[in-house]
Each structure stands twice: as C-alpha cells, then as structure tokens.
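Reviewing the structure listed below.
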Amino acid sequence: MESSNLIRVIRIVRERIWLVLLPAVVLTLTAVAVGLLQPSVYQGTVTILVTQQNIGTALLGSPQIDQTPPANFVQTQVLVMRSPTIAQDAIRSLGLKTTPSALAKRVTVGQEADTNIVTISVTDTSSVRAADTANAIARAYVDWSQGLQRSSIKAAADDVQQRLTLAQQSITSIEATLASHGSNQTAQSNLQVAKDLYTRLADKLEQLRGFEQLVTGFGSILAEAVVDPKPVSPSPIRDGAIAIVIGLLLGLGTAVLADALDNTVKSAEEIEEIYGVSVLTTVSTERSKKREASSLALVQSPFSPGAEAYRVLRNNLGFINFQQDMKTILVTSASPDEGKSTIAANLAVVLSEAGKKVALVVCDFHRPAADQFFEIDQQHGLSSFLGGVEGLEVVLQQPAGFDNLWVLPAGGLPPNPSELLGSSKMEQLVASLRDSVDWVILDSAPLLAVADTAAAVRWVDGVLIATRATVTTRDAARRSRSQLEHVGARILGVVLWSPNTAASGGDSYFQGYNSPASR
C-alpha cells in the first residue's frame, strides 16, 4: 500500500511538476523581495532570576499571606512583566515615544524550561534602543516587585505599630491602677506581661524597618541586555529556505488535490480496470506535435518508438488471434480527438508490412481522415457505395507504395449514416472483404459522439479502443464500455496514447539498436 502511494505521488509530481514548483518559486521570490525591502530589526535580551520568598510573611510572621500557588508563581511573574504597568514605567524611564500596547507587540517574555529564569527580549530597528528597552523593562519589574514587598513589610510594620500602641496603653492603664489602689501581686504580674509584650513588639518593629531597606523584590537581573549589531530580521536566506519548503508542500498538496479532482485516466492500469481488457500497446505523445501525431509513423519514422509501438500491437493481436478466427476489427474511441484514425491507419500499414492483405474501411462520415495518411480520392467512398451510386471496384482504392493495402474512404456525409452502417449491404461488404483479404480494419466514429459505431460493430469480430491519457475521462470510458457490452461487442484491447512513455524501453535503445546502422 505504501509503495503504491509513493508511486502515485511520484506520478503526480512528474505530471504536474509546474503546479508543484510554481508556489515554491512565487513564495521564495516574494519572501526574499520582502526581506530585502524591510528595515533591519535588532534584539536585546535580558535575563532575570525570579524568587518567591516574601520577607514580610516568611520572616516576621505577618498575617499577610502570599496567595500565589508555588507552581504558578513564575508564570504569574511572566504575566506581570508583560503588563501595561511595567511597559509604561519603562517608557517613562527612557522617554520613548510609544504606547504600552505598541511596545508589548515588540516584547517577548519567556520562562526557561523547569527553572525560575525568565528572559525578556525586545526588538527594535535600533540595536541600542532594543538593549536599553529590555533593560528598562527588567528594572521596572524589579522596582515594581521591590515596591510590592516593601508594601507588604510596611503593612506588617503598621500592624505591629498598632499592637505596640495598644501595649503602651495597657501599661499606662495598669500603672494608673497600681498608683490609685496600691500594689498587688496580680496587677504587678499583668504589668510585667504588658511590658514584655511591648519589648517584643518594639524589637519586631525595629526589624521590620530594617528589612524594608534591604528588600530586593521577586526578581534580580542575572545578565543585562547588551547591544548586538547583528540583526535578527530580515534574513533573506532563511526566509527563502522556509518559503521553498512551504511552497513545495503547498504545491504538492495542490497537485494532489488537482489529481483527485481530475477525472481523466492517467495510466494503463486504470484503463485495464475500466475496460476489463489489456492495453495492447502504448504510443508515446511526449514529443509529438498535433500534425505529427496524425501521420504514418511506420512510413515517416520506421525506427522510432512510435513505429515500434504499432509492431507491438500487431504481435499482441497475433497472440489474441492464435486460432486465426478473427479477421475484422473496428477501431473506435470513447470521445473525439483520441487518435483512433491514426491507430487504424498505422495498424493497417503494419499488418500489410507483415505480408497480410489488408482493407481499411473508413466508417467515420463526420470527420474522415483517410486523406491525411494516404493519397486517395476522398470524394468516392463508402457512402456512395452503400447508397448504391458506385460499385466497390470504384471506391476501393490502393494507395501508391502499398502493395498489400486497400483503402475505402468515407466519401460524402449521408443523411442517415447509422442506418447505412447497420444495413445488410454493409454486412455484405464486410463479409466480401473478409473473404478477399486477411484483415479488415474499420475506422469508426467515437462511441459517445454519434450512434454510427453501435450500428457497425455487429459486423466485426472485435473492437479496438483508442484512449488518450490525461484526456479521456473515466466516465466516458465506462460509458463506452457499457455501450459496447450492450450491443454484444467483443473488446479486444486498448491502445493508449500516453505522454512520457516509449513503446518499450527508452528512446536511446530504439535510436541505437533499432537504427539501420546497427544492423
């Protein structure tokens, strides 16, 4: 399965190479052009170590508790560094002419995996300004976190101050009671407790005032941003390489989609599956122009791959006809412009070259093509014979240079071609020619174009289908097979016109081995 998919992809790329390469070329040229036109962008990066300890809470037992979950603490600080508040402080410190939202688009803040290290990167068209802005954001964050911790310590100090005031008031009240009522053991004990509490609170308040001056905040700068003269963008080479990859993938996807939407047959395997018969030969159309395609390859280029393809067709027909009971063949196609007349003419010639007597009867009244291959009189032909106007000895002609070949051209277009081809006189003509020659080849109209072929197919031993890869649709091929089966025709095989295909083997083989000089 994987092998067949790979073969299919290779075929798609070969057949639609322009569709694969075009997006890559366009995207690459666009990416390089845009990169060259864009101004250089530089980057400044600063590294910060984030710590979680809250001095006011951890050391002094303040009732203020840090509610940030430990696992999310660094991520929370990353969001703080991205906040408009920090951006505004950095803008103010540098005097930048921008807004927090505009600056945020040029700032990237990220946490190193599984660490408390955070990097702040800033891009700018100036390498100096990029480094200065990154450092300004880092300092703004450090100042903010210091202010937050100082606020925490100040809140704890204010709480201690309130408790110290209450302790002083309690001492004053107890001393006043002792002065007015005299000394007693309970009062003296309460006074000592109040004084001890006051001492502890005073010591704690003094510690808080000292810690407030020592606060460092949640983050400390590990490495400040330095000026990097090398721009991070644009990078035409990098952008071009990325564009090539993306373009090729896009082109390949487009080619695969186009192939899936394309309803034409592509290979001999598809043709054989549709018609249920073998492809008897494949004629290459790789270098054939339209005028050259409608020619006698066996006469004009007897040592070409095209000529060899017709010899292969002759041999394969011999294998099919091993009992020698088949003498009449009708050549047709599903639709017009599939080369059936060229195949019929070349088949007649290749059979005559083998010493067989061959009669080529052109039954296509709508687009007769016999005069393209042979020097004959096209005005007198099958239509006048079937209409009783002229005899067979007049319309059956032998082209010059072909000793074993006779051609019966179509003649003029009759008003009732299908009735003439299905008439008893047509049956008698085929039977008479069958008795006189070794092979009778009928060049008939396309099956789906007119009803003529369905009328004539009953008089032959078998049908040869001409199909053109990337032109014949699968639907047309299926419909043509259905029509032939409906009238009980025997499909002998298919002749496939295919691009990029030699008759059998490469061109160099035929040009070298099959040339006269090699004999």
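If you're wondering about the labels, chains in the structure tokens are A, B, ... by order shown, residues count from 1 in each chain, ligands from 1 in order shown.
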>> Taking 5 positions as the minimum chain separation for residues in the same chain, which residues sit within 10 Å of Asp443 of chain A when counting only C-alpha atoms? Answer as a list of chain:residue names.
In response: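 That gives A:Ile329, A:Leu330, A:Val331, A:Thr332, A:Ser333, A:Lys340, A:Ser341, A:Thr342, A:Ile343, A:Ala344, A:Ala345, A:Leu360, A:Val361, A:Val362, A:Cys363, A:Asp364, A:Phe365, A:Pro368, A:Ala369, A:Ala370, A:Pro409, A:Ala410, A:Thr453, A:Leu464.
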Please identify every residue of segment 73-187 of chain A that has at least one atom no farther than 10 Å from an atom of segment 30-41 of chain A, counting only C-alpha atoms, and for each give the shortest atom pair and the distance in Å to one decimal, arranged by chain then increasing number, as CSV.
```
residue,atom,partner,partner_atom,distance
A:Thr123,CA,A:Val41,CA,6.4
A:Asp124,CA,A:Val41,CA,5.5
A:Thr125,CA,A:Val41,CA,4.6
A:Ser126,CA,A:Val41,CA,7.1
A:Ser127,CA,A:Val41,CA,7.7
A:Ala130,CA,A:Val41,CA,9.1
```
>> Ranking A:Val142, A:Leu250, A:Ala202, A:Val46 by minimum distance to Thr108 of chain A and counting only C-alpha atoms, which one comes first?
In response: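 For Thr108 of chain A, the nearest of the candidates is A:Val46.
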>> Under the rule that only C-alpha atoms are counted, which of A:Ser152, A:Gln168, A:Gln188, A:Gln397 is the nearest residue to Gly381 of chain A?
In response: A:Gln397
> What lies within 10 Å of segment 132-139 of chain A using only C-alpha atoms, ignoring chain neighbours under 3 positions off, as a ChimeraX atom specification?
Replying inline: /A:43-48,81-82,86-94,96,103,107-108,119-124,126-129,142-145,219-221,223-227
> Nearest to Glu308 of chain A: which of A:Val26, A:Tyr275, A:Ile174, A:Val283 is it, counting only C-alpha atoms?
Replying inline: A:Val283
When DSSP works through the backbone of this structure, what residues of segment 113-264 of chain A end up as helix (DSSP H, G or I), shown as a compact mmCIF listing (two decimals) with N, CA and C atoms, in the first residue's frame?
```
# COMPACT_ATOMS: atom_id res chain seq x y z
N SER A 127 19.65 48.81 17.40
CA SER A 127 20.21 47.81 18.29
C SER A 127 20.40 48.37 19.70
N VAL A 128 20.78 49.66 19.80
CA VAL A 128 20.97 50.30 21.12
C VAL A 128 19.64 50.43 21.84
N ARG A 129 18.62 50.89 21.13
CA ARG A 129 17.31 51.06 21.75
C ARG A 129 16.71 49.72 22.15
N ALA A 130 16.97 48.67 21.38
CA ALA A 130 16.46 47.35 21.75
C ALA A 130 17.05 46.89 23.07
N ALA A 131 18.37 47.06 23.26
CA ALA A 131 19.01 46.65 24.52
C ALA A 131 18.53 47.53 25.67
N ASP A 132 18.47 48.85 25.44
CA ASP A 132 18.04 49.77 26.51
C ASP A 132 16.61 49.49 26.94
N THR A 133 15.74 49.20 26.00
CA THR A 133 14.34 48.94 26.34
C THR A 133 14.20 47.65 27.14
N ALA A 134 14.94 46.60 26.74
CA ALA A 134 14.90 45.35 27.50
C ALA A 134 15.37 45.57 28.93
N ASN A 135 16.47 46.31 29.10
CA ASN A 135 16.97 46.58 30.46
C ASN A 135 15.98 47.44 31.24
N ALA A 136 15.33 48.39 30.56
CA ALA A 136 14.37 49.25 31.25
C ALA A 136 13.17 48.44 31.75
N ILE A 137 12.70 47.50 30.94
CA ILE A 137 11.58 46.66 31.37
C ILE A 137 11.99 45.80 32.56
N ALA A 138 13.20 45.24 32.51
CA ALA A 138 13.68 44.42 33.63
C ALA A 138 13.78 45.24 34.91
N ARG A 139 14.34 46.45 34.82
CA ARG A 139 14.46 47.30 36.01
C ARG A 139 13.09 47.72 36.52
N ALA A 140 12.17 47.99 35.58
CA ALA A 140 10.81 48.37 36.01
C ALA A 140 10.15 47.23 36.77
N TYR A 141 10.38 46.01 36.31
CA TYR A 141 9.81 44.86 37.04
C TYR A 141 10.45 44.71 38.42
N VAL A 142 11.78 44.83 38.47
CA VAL A 142 12.46 44.71 39.76
C VAL A 142 11.97 45.78 40.73
N ASP A 143 11.84 47.03 40.24
CA ASP A 143 11.35 48.11 41.10
C ASP A 143 9.92 47.83 41.55
N TRP A 144 9.12 47.32 40.63
CA TRP A 144 7.73 47.02 41.00
C TRP A 144 7.67 45.95 42.07
N SER A 145 8.45 44.88 41.89
CA SER A 145 8.42 43.80 42.88
C SER A 145 8.99 44.25 44.22
N GLN A 146 10.02 45.15 44.19
CA GLN A 146 10.52 45.71 45.44
C GLN A 146 9.45 46.53 46.13
N GLY A 147 8.75 47.34 45.35
CA GLY A 147 7.68 48.14 45.94
C GLY A 147 6.58 47.28 46.53
N LEU A 148 6.29 46.14 45.84
CA LEU A 148 5.26 45.24 46.35
C LEU A 148 5.68 44.63 47.68
N GLN A 149 6.94 44.20 47.76
CA GLN A 149 7.41 43.60 49.01
C GLN A 149 7.52 44.65 50.11
N ARG A 150 7.98 45.85 49.75
CA ARG A 150 8.04 46.90 50.77
C ARG A 150 6.66 47.23 51.29
N SER A 151 5.69 47.21 50.41
CA SER A 151 4.30 47.44 50.85
C SER A 151 3.87 46.37 51.83
N SER A 152 4.30 45.12 51.55
CA SER A 152 3.96 44.02 52.46
C SER A 152 4.61 44.22 53.82
N ILE A 153 5.90 44.63 53.79
CA ILE A 153 6.60 44.84 55.07
C ILE A 153 6.01 46.05 55.79
N LYS A 154 5.67 47.11 55.04
CA LYS A 154 5.08 48.29 55.66
C LYS A 154 3.75 47.96 56.31
N ALA A 155 2.97 47.11 55.61
CA ALA A 155 1.69 46.72 56.20
C ALA A 155 1.91 45.95 57.50
N ALA A 156 2.95 45.06 57.48
CA ALA A 156 3.27 44.32 58.70
C ALA A 156 3.75 45.26 59.80
N ALA A 157 4.58 46.28 59.40
CA ALA A 157 5.07 47.26 60.40
C ALA A 157 3.93 48.08 60.98
N ASP A 158 2.97 48.46 60.12
CA ASP A 158 1.82 49.22 60.62
C ASP A 158 1.01 48.39 61.60
N ASP A 159 0.88 47.09 61.29
CA ASP A 159 0.15 46.21 62.20
C ASP A 159 0.86 46.11 63.55
N VAL A 160 2.19 45.98 63.52
CA VAL A 160 2.97 45.91 64.77
C VAL A 160 2.88 47.23 65.52
N GLN A 161 2.89 48.35 64.79
CA GLN A 161 2.79 49.66 65.44
C GLN A 161 1.48 49.80 66.19
N GLN A 162 0.39 49.31 65.59
CA GLN A 162 -0.91 49.37 66.26
C GLN A 162 -0.91 48.53 67.53
N ARG A 163 -0.31 47.34 67.40
CA ARG A 163 -0.24 46.47 68.58
C ARG A 163 0.69 47.07 69.65
N LEU A 164 1.75 47.77 69.23
CA LEU A 164 2.66 48.43 70.18
C LEU A 164 1.95 49.56 70.91
N THR A 165 1.11 50.29 70.20
CA THR A 165 0.34 51.37 70.82
C THR A 165 -0.63 50.81 71.86
N LEU A 166 -1.28 49.71 71.50
CA LEU A 166 -2.19 49.07 72.46
C LEU A 166 -1.44 48.57 73.69
N ALA A 167 -0.23 48.03 73.49
CA ALA A 167 0.57 47.57 74.63
C ALA A 167 0.96 48.74 75.53
N GLN A 168 1.34 49.91 74.93
CA GLN A 168 1.69 51.09 75.71
C GLN A 168 0.49 51.58 76.52
N GLN A 169 -0.68 51.55 75.88
CA GLN A 169 -1.89 51.97 76.59
C GLN A 169 -2.20 51.02 77.75
N SER A 170 -1.97 49.73 77.53
CA SER A 170 -2.21 48.76 78.60
C SER A 170 -1.26 48.99 79.77
N ILE A 171 0.01 49.29 79.48
CA ILE A 171 1.00 49.57 80.55
C ILE A 171 0.58 50.81 81.33
N THR A 172 0.19 51.85 80.64
CA THR A 172 -0.23 53.10 81.29
C THR A 172 -1.43 52.86 82.20
N SER A 173 -2.37 52.05 81.70
CA SER A 173 -3.59 51.78 82.48
C SER A 173 -3.28 51.00 83.75
N ILE A 174 -2.39 49.99 83.63
CA ILE A 174 -2.04 49.16 84.80
C ILE A 174 -1.28 50.01 85.82
N GLU A 175 -0.35 50.84 85.35
CA GLU A 175 0.38 51.70 86.28
C GLU A 175 -0.53 52.67 87.00
N ALA A 176 -1.55 53.19 86.28
CA ALA A 176 -2.50 54.10 86.93
C ALA A 176 -3.30 53.37 88.00
N THR A 177 -3.64 52.12 87.74
CA THR A 177 -4.40 51.32 88.73
C THR A 177 -3.55 51.07 89.96
N LEU A 178 -2.27 50.74 89.74
CA LEU A 178 -1.38 50.49 90.88
C LEU A 178 -1.20 51.76 91.73
N ALA A 179 -1.16 52.90 91.07
CA ALA A 179 -0.97 54.16 91.80
C ALA A 179 -2.18 54.51 92.65
N SER A 180 -3.34 54.19 92.19
CA SER A 180 -4.55 54.59 92.92
C SER A 180 -5.02 53.53 93.92
N HIS A 181 -4.78 52.29 93.69
CA HIS A 181 -5.28 51.24 94.57
C HIS A 181 -4.18 50.51 95.30
N GLN A 185 -0.22 41.59 93.84
CA GLN A 185 0.56 40.63 93.04
C GLN A 185 -0.02 40.47 91.65
N THR A 186 -1.34 40.48 91.52
CA THR A 186 -1.97 40.28 90.19
C THR A 186 -1.67 41.46 89.28
N ALA A 187 -1.79 42.65 89.79
CA ALA A 187 -1.53 43.84 88.99
C ALA A 187 -0.07 43.88 88.57
N GLN A 188 0.83 43.54 89.51
CA GLN A 188 2.25 43.55 89.15
C GLN A 188 2.55 42.52 88.05
N SER A 189 1.90 41.37 88.16
CA SER A 189 2.10 40.34 87.13
C SER A 189 1.61 40.82 85.77
N ASN A 190 0.41 41.44 85.70
CA ASN A 190 -0.13 41.95 84.44
C ASN A 190 0.76 43.04 83.87
N LEU A 191 1.32 43.87 84.74
CA LEU A 191 2.19 44.93 84.27
C LEU A 191 3.45 44.36 83.62
N GLN A 192 3.99 43.28 84.21
CA GLN A 192 5.21 42.68 83.65
C GLN A 192 4.93 42.04 82.29
N VAL A 193 3.76 41.40 82.15
CA VAL A 193 3.37 40.80 80.86
C VAL A 193 3.23 41.87 79.79
N ALA A 194 2.60 43.00 80.14
CA ALA A 194 2.41 44.09 79.19
C ALA A 194 3.75 44.68 78.76
N LYS A 195 4.67 44.82 79.74
CA LYS A 195 5.99 45.37 79.40
C LYS A 195 6.76 44.40 78.50
N ASP A 196 6.67 43.09 78.77
CA ASP A 196 7.35 42.11 77.91
C ASP A 196 6.82 42.14 76.48
N LEU A 197 5.47 42.26 76.36
CA LEU A 197 4.87 42.33 75.02
C LEU A 197 5.33 43.58 74.30
N TYR A 198 5.39 44.68 75.04
CA TYR A 198 5.81 45.94 74.43
C TYR A 198 7.24 45.82 73.91
N THR A 199 8.10 45.15 74.71
CA THR A 199 9.50 45.00 74.30
C THR A 199 9.61 44.17 73.03
N ARG A 200 8.85 43.06 72.97
CA ARG A 200 8.91 42.21 71.79
C ARG A 200 8.40 42.94 70.55
N LEU A 201 7.31 43.66 70.72
CA LEU A 201 6.75 44.40 69.59
C LEU A 201 7.70 45.50 69.12
N ALA A 202 8.36 46.14 70.07
CA ALA A 202 9.30 47.20 69.69
C ALA A 202 10.47 46.61 68.92
N ASP A 203 10.97 45.43 69.36
CA ASP A 203 12.05 44.78 68.64
C ASP A 203 11.61 44.36 67.23
N LYS A 204 10.40 43.85 67.11
CA LYS A 204 9.91 43.42 65.79
C LYS A 204 9.73 44.61 64.86
N LEU A 205 9.24 45.71 65.40
CA LEU A 205 9.05 46.91 64.58
C LEU A 205 10.39 47.41 64.06
N GLU A 206 11.40 47.36 64.91
CA GLU A 206 12.73 47.79 64.50
C GLU A 206 13.27 46.88 63.40
N GLN A 207 13.02 45.56 63.53
CA GLN A 207 13.45 44.62 62.48
C GLN A 207 12.75 44.92 61.15
N LEU A 208 11.46 45.19 61.23
CA LEU A 208 10.70 45.48 60.00
C LEU A 208 11.23 46.73 59.31
N ARG A 209 11.54 47.75 60.09
CA ARG A 209 12.08 48.97 59.49
C ARG A 209 13.41 48.69 58.80
N GLY A 210 14.20 47.81 59.39
CA GLY A 210 15.48 47.46 58.79
C GLY A 210 15.32 46.61 57.54
N PHE A 211 14.41 45.62 57.58
CA PHE A 211 14.18 44.77 56.40
C PHE A 211 13.60 45.55 55.23
N GLU A 212 12.84 46.59 55.56
CA GLU A 212 12.23 47.39 54.50
C GLU A 212 13.30 48.03 53.62
N GLN A 213 14.44 48.31 54.21
CA GLN A 213 15.53 48.91 53.45
C GLN A 213 16.34 47.88 52.67
N LEU A 214 16.21 46.58 53.07
CA LEU A 214 17.01 45.53 52.44
C LEU A 214 16.26 44.73 51.38
N PRO A 236 16.99 37.09 4.41
CA PRO A 236 16.51 36.60 3.10
C PRO A 236 16.82 35.13 2.85
N ILE A 237 18.01 34.68 3.26
CA ILE A 237 18.37 33.27 3.02
C ILE A 237 17.47 32.35 3.83
N ARG A 238 17.30 32.66 5.12
CA ARG A 238 16.44 31.83 5.96
C ARG A 238 14.99 31.88 5.48
N ASP A 239 14.50 33.11 5.22
CA ASP A 239 13.11 33.25 4.76
C ASP A 239 12.90 32.55 3.42
N GLY A 240 13.91 32.63 2.55
CA GLY A 240 13.80 31.96 1.26
C GLY A 240 13.75 30.45 1.41
N ALA A 241 14.58 29.91 2.32
CA ALA A 241 14.58 28.45 2.55
C ALA A 241 13.23 27.99 3.11
N ILE A 242 12.72 28.76 4.06
CA ILE A 242 11.40 28.41 4.62
C ILE A 242 10.32 28.50 3.54
N ALA A 243 10.40 29.54 2.72
CA ALA A 243 9.41 29.70 1.66
C ALA A 243 9.47 28.56 0.65
N ILE A 244 10.68 28.07 0.37
CA ILE A 244 10.81 26.94 -0.56
C ILE A 244 10.10 25.71 -0.01
N VAL A 245 10.34 25.43 1.28
CA VAL A 245 9.72 24.25 1.89
C VAL A 245 8.20 24.40 1.91
N ILE A 246 7.74 25.56 2.36
CA ILE A 246 6.29 25.78 2.42
C ILE A 246 5.69 25.74 1.01
N GLY A 247 6.38 26.37 0.06
CA GLY A 247 5.87 26.39 -1.31
C GLY A 247 5.79 25.00 -1.93
N LEU A 248 6.82 24.18 -1.68
CA LEU A 248 6.80 22.82 -2.21
C LEU A 248 5.67 22.00 -1.59
N LEU A 249 5.50 22.15 -0.27
CA LEU A 249 4.39 21.43 0.39
C LEU A 249 3.05 21.91 -0.14
N LEU A 250 2.92 23.23 -0.30
CA LEU A 250 1.68 23.78 -0.84
C LEU A 250 1.46 23.30 -2.27
N GLY A 251 2.54 23.34 -3.07
CA GLY A 251 2.42 22.89 -4.45
C GLY A 251 2.07 21.41 -4.55
N LEU A 252 2.71 20.60 -3.70
CA LEU A 252 2.42 19.17 -3.71
C LEU A 252 0.98 18.91 -3.31
N GLY A 253 0.52 19.62 -2.28
CA GLY A 253 -0.88 19.47 -1.86
C GLY A 253 -1.84 19.89 -2.95
N THR A 254 -1.51 20.99 -3.64
CA THR A 254 -2.37 21.45 -4.74
C THR A 254 -2.38 20.44 -5.88
N ALA A 255 -1.19 19.88 -6.17
CA ALA A 255 -1.12 18.89 -7.25
C ALA A 255 -1.91 17.64 -6.91
N VAL A 256 -1.81 17.18 -5.66
CA VAL A 256 -2.57 16.00 -5.24
C VAL A 256 -4.07 16.29 -5.32
N LEU A 257 -4.48 17.49 -4.87
CA LEU A 257 -5.90 17.86 -4.95
C LEU A 257 -6.36 17.93 -6.40
N ALA A 258 -5.55 18.55 -7.25
CA ALA A 258 -5.91 18.65 -8.67
C ALA A 258 -6.02 17.26 -9.30
N ASP A 259 -5.11 16.36 -8.88
CA ASP A 259 -5.17 14.99 -9.42
C ASP A 259 -6.43 14.28 -8.96
N ALA A 260 -6.81 14.53 -7.69
CA ALA A 260 -8.02 13.89 -7.17
C ALA A 260 -9.27 14.41 -7.87
N LEU A 261 -9.25 15.70 -8.24
CA LEU A 261 -10.40 16.30 -8.92
C LEU A 261 -10.40 16.02 -10.42
```
> Quick one, how far is atom CA of Leu405 of chain A from atom CA of Ser498 of chain A?
Replying inline: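 Separation between atom CA of Leu405 of chain A and atom CA of Ser498 of chain A: 27.9 Å.
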>> One decimal, in Å: what's the spacing between atom CA of Leu347 of chain A and atom CA of Ser423 of chain A?
In response: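 Between atom CA of Leu347 of chain A and atom CA of Ser423 of chain A the gap is 26.0 Å.
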> Just how far from atom CA of Ala489 of chain A is atom CA of Ala445 of chain A, in Å to one decimal?
Replying inline: 15.3 Å
> Quick one: DSSP strand (DSSP E or B) residues in segment 175-357 of chain A, as a list in words?
Replying inline: Gly219, Ser220, Ile221, Leu222, Ala223, Ser233, Thr264, Val279, Leu280, Thr281, Thr282, Val283, Ser284, Thr328, Ile329, Leu330, Val331, Thr332 and Ser333 of chain A
How about saving the chosen residues, N, CA and C atoms kept, as a PDB file, in the first residue's frame?
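Wrote it out as result.pdb, contents follow:
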```pdb
ATOM      1  N   GLY A 219      12.538  39.548  41.766  1.00  0.00           N
ATOM      2  CA  GLY A 219      13.463  39.240  40.689  1.00  0.00           C
ATOM      3  C   GLY A 219      14.760  40.002  40.807  1.00  0.00           C
ATOM      4  N   SER A 220      15.816  39.354  40.310  1.00  0.00           N
ATOM      5  CA  SER A 220      17.117  40.012  40.245  1.00  0.00           C
ATOM      6  C   SER A 220      17.692  39.774  38.858  1.00  0.00           C
ATOM      7  N   ILE A 221      18.329  40.799  38.316  1.00  0.00           N
ATOM      8  CA  ILE A 221      18.863  40.726  36.952  1.00  0.00           C
ATOM      9  C   ILE A 221      20.142  39.914  36.949  1.00  0.00           C
ATOM     10  N   LEU A 222      20.117  38.793  36.207  1.00  0.00           N
ATOM     11  CA  LEU A 222      21.308  37.959  36.081  1.00  0.00           C
ATOM     12  C   LEU A 222      22.244  38.477  35.004  1.00  0.00           C
ATOM     13  N   ALA A 223      21.685  38.882  33.877  1.00  0.00           N
ATOM     14  CA  ALA A 223      22.509  39.371  32.772  1.00  0.00           C
ATOM     15  C   ALA A 223      21.741  40.464  32.045  1.00  0.00           C
ATOM     16  N   SER A 233      16.280  40.056  11.954  1.00  0.00           N
ATOM     17  CA  SER A 233      15.473  40.030  10.736  1.00  0.00           C
ATOM     18  C   SER A 233      15.691  41.349   9.992  1.00  0.00           C
ATOM     19  N   THR A 264      -9.750  12.404 -15.557  1.00  0.00           N
ATOM     20  CA  THR A 264      -9.182  11.727 -16.715  1.00  0.00           C
ATOM     21  C   THR A 264      -8.349  10.525 -16.278  1.00  0.00           C
ATOM     22  N   VAL A 279      -4.060  -3.387 -22.122  1.00  0.00           N
ATOM     23  CA  VAL A 279      -3.536  -2.372 -23.037  1.00  0.00           C
ATOM     24  C   VAL A 279      -2.545  -3.084 -23.954  1.00  0.00           C
ATOM     25  N   LEU A 280      -2.878  -3.156 -25.244  1.00  0.00           N
ATOM     26  CA  LEU A 280      -2.072  -3.921 -26.188  1.00  0.00           C
ATOM     27  C   LEU A 280      -0.786  -3.206 -26.572  1.00  0.00           C
ATOM     28  N   THR A 281      -0.789  -1.899 -26.537  1.00  0.00           N
ATOM     29  CA  THR A 281       0.437  -1.124 -26.785  1.00  0.00           C
ATOM     30  C   THR A 281       0.221   0.291 -26.291  1.00  0.00           C
ATOM     31  N   THR A 282       1.319   0.970 -26.046  1.00  0.00           N
ATOM     32  CA  THR A 282       1.282   2.357 -25.598  1.00  0.00           C
ATOM     33  C   THR A 282       2.101   3.192 -26.568  1.00  0.00           C
ATOM     34  N   VAL A 283       1.473   4.204 -27.123  1.00  0.00           N
ATOM     35  CA  VAL A 283       2.127   5.093 -28.084  1.00  0.00           C
ATOM     36  C   VAL A 283       2.487   6.386 -27.372  1.00  0.00           C
ATOM     37  N   SER A 284       3.752   6.750 -27.448  1.00  0.00           N
ATOM     38  CA  SER A 284       4.212   7.953 -26.762  1.00  0.00           C
ATOM     39  C   SER A 284       3.780   9.208 -27.488  1.00  0.00           C
ATOM     40  N   THR A 328     -11.804  -9.267 -38.803  1.00  0.00           N
ATOM     41  CA  THR A 328     -12.379  -7.922 -38.916  1.00  0.00           C
ATOM     42  C   THR A 328     -12.296  -7.225 -37.563  1.00  0.00           C
ATOM     43  N   ILE A 329     -11.731  -6.025 -37.571  1.00  0.00           N
ATOM     44  CA  ILE A 329     -11.544  -5.253 -36.339  1.00  0.00           C
ATOM     45  C   ILE A 329     -12.075  -3.840 -36.552  1.00  0.00           C
ATOM     46  N   LEU A 330     -12.845  -3.361 -35.611  1.00  0.00           N
ATOM     47  CA  LEU A 330     -13.340  -1.990 -35.632  1.00  0.00           C
ATOM     48  C   LEU A 330     -12.534  -1.173 -34.618  1.00  0.00           C
ATOM     49  N   VAL A 331     -11.969  -0.069 -35.078  1.00  0.00           N
ATOM     50  CA  VAL A 331     -11.184   0.817 -34.206  1.00  0.00           C
ATOM     51  C   VAL A 331     -12.028   2.047 -33.889  1.00  0.00           C
ATOM     52  N   THR A 332     -12.196   2.319 -32.624  1.00  0.00           N
ATOM     53  CA  THR A 332     -13.010   3.462 -32.199  1.00  0.00           C
ATOM     54  C   THR A 332     -12.431   4.038 -30.914  1.00  0.00           C
ATOM     55  N   SER A 333     -13.124   5.019 -30.374  1.00  0.00           N
ATOM     56  CA  SER A 333     -12.721   5.641 -29.112  1.00  0.00           C
ATOM     57  C   SER A 333     -13.970   6.106 -28.387  1.00  0.00           C
TER      58      SER A 333
END
```
>> So, with only C-alpha atoms as the atoms that count, which of A:Ile12, A:Val430, A:Leu29, A:Val50 lies closest to Gln75 of chain A?
In response: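 Nearest candidate to Gln75 of chain A out of A:Ile12, A:Val430, A:Leu29, A:Val50: A:Val50.
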> Using only C-alpha atoms, which residue out of A:Ser267, A:Leu492, A:Asn404, A:Thr76 lies closest to Arg11 of chain A?
Replying inline: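 Among the listed residues, A:Ser267 lies closest to Arg11 of chain A.
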>> Applying 10 Å and only C-alpha atoms, which residues near Ser352 of chain A remain after dropping the ones on its own chain fewer than 6 positions away? List them as a ChimeraX atom specification.
In response: /A:346,358-359,402-406,438-439
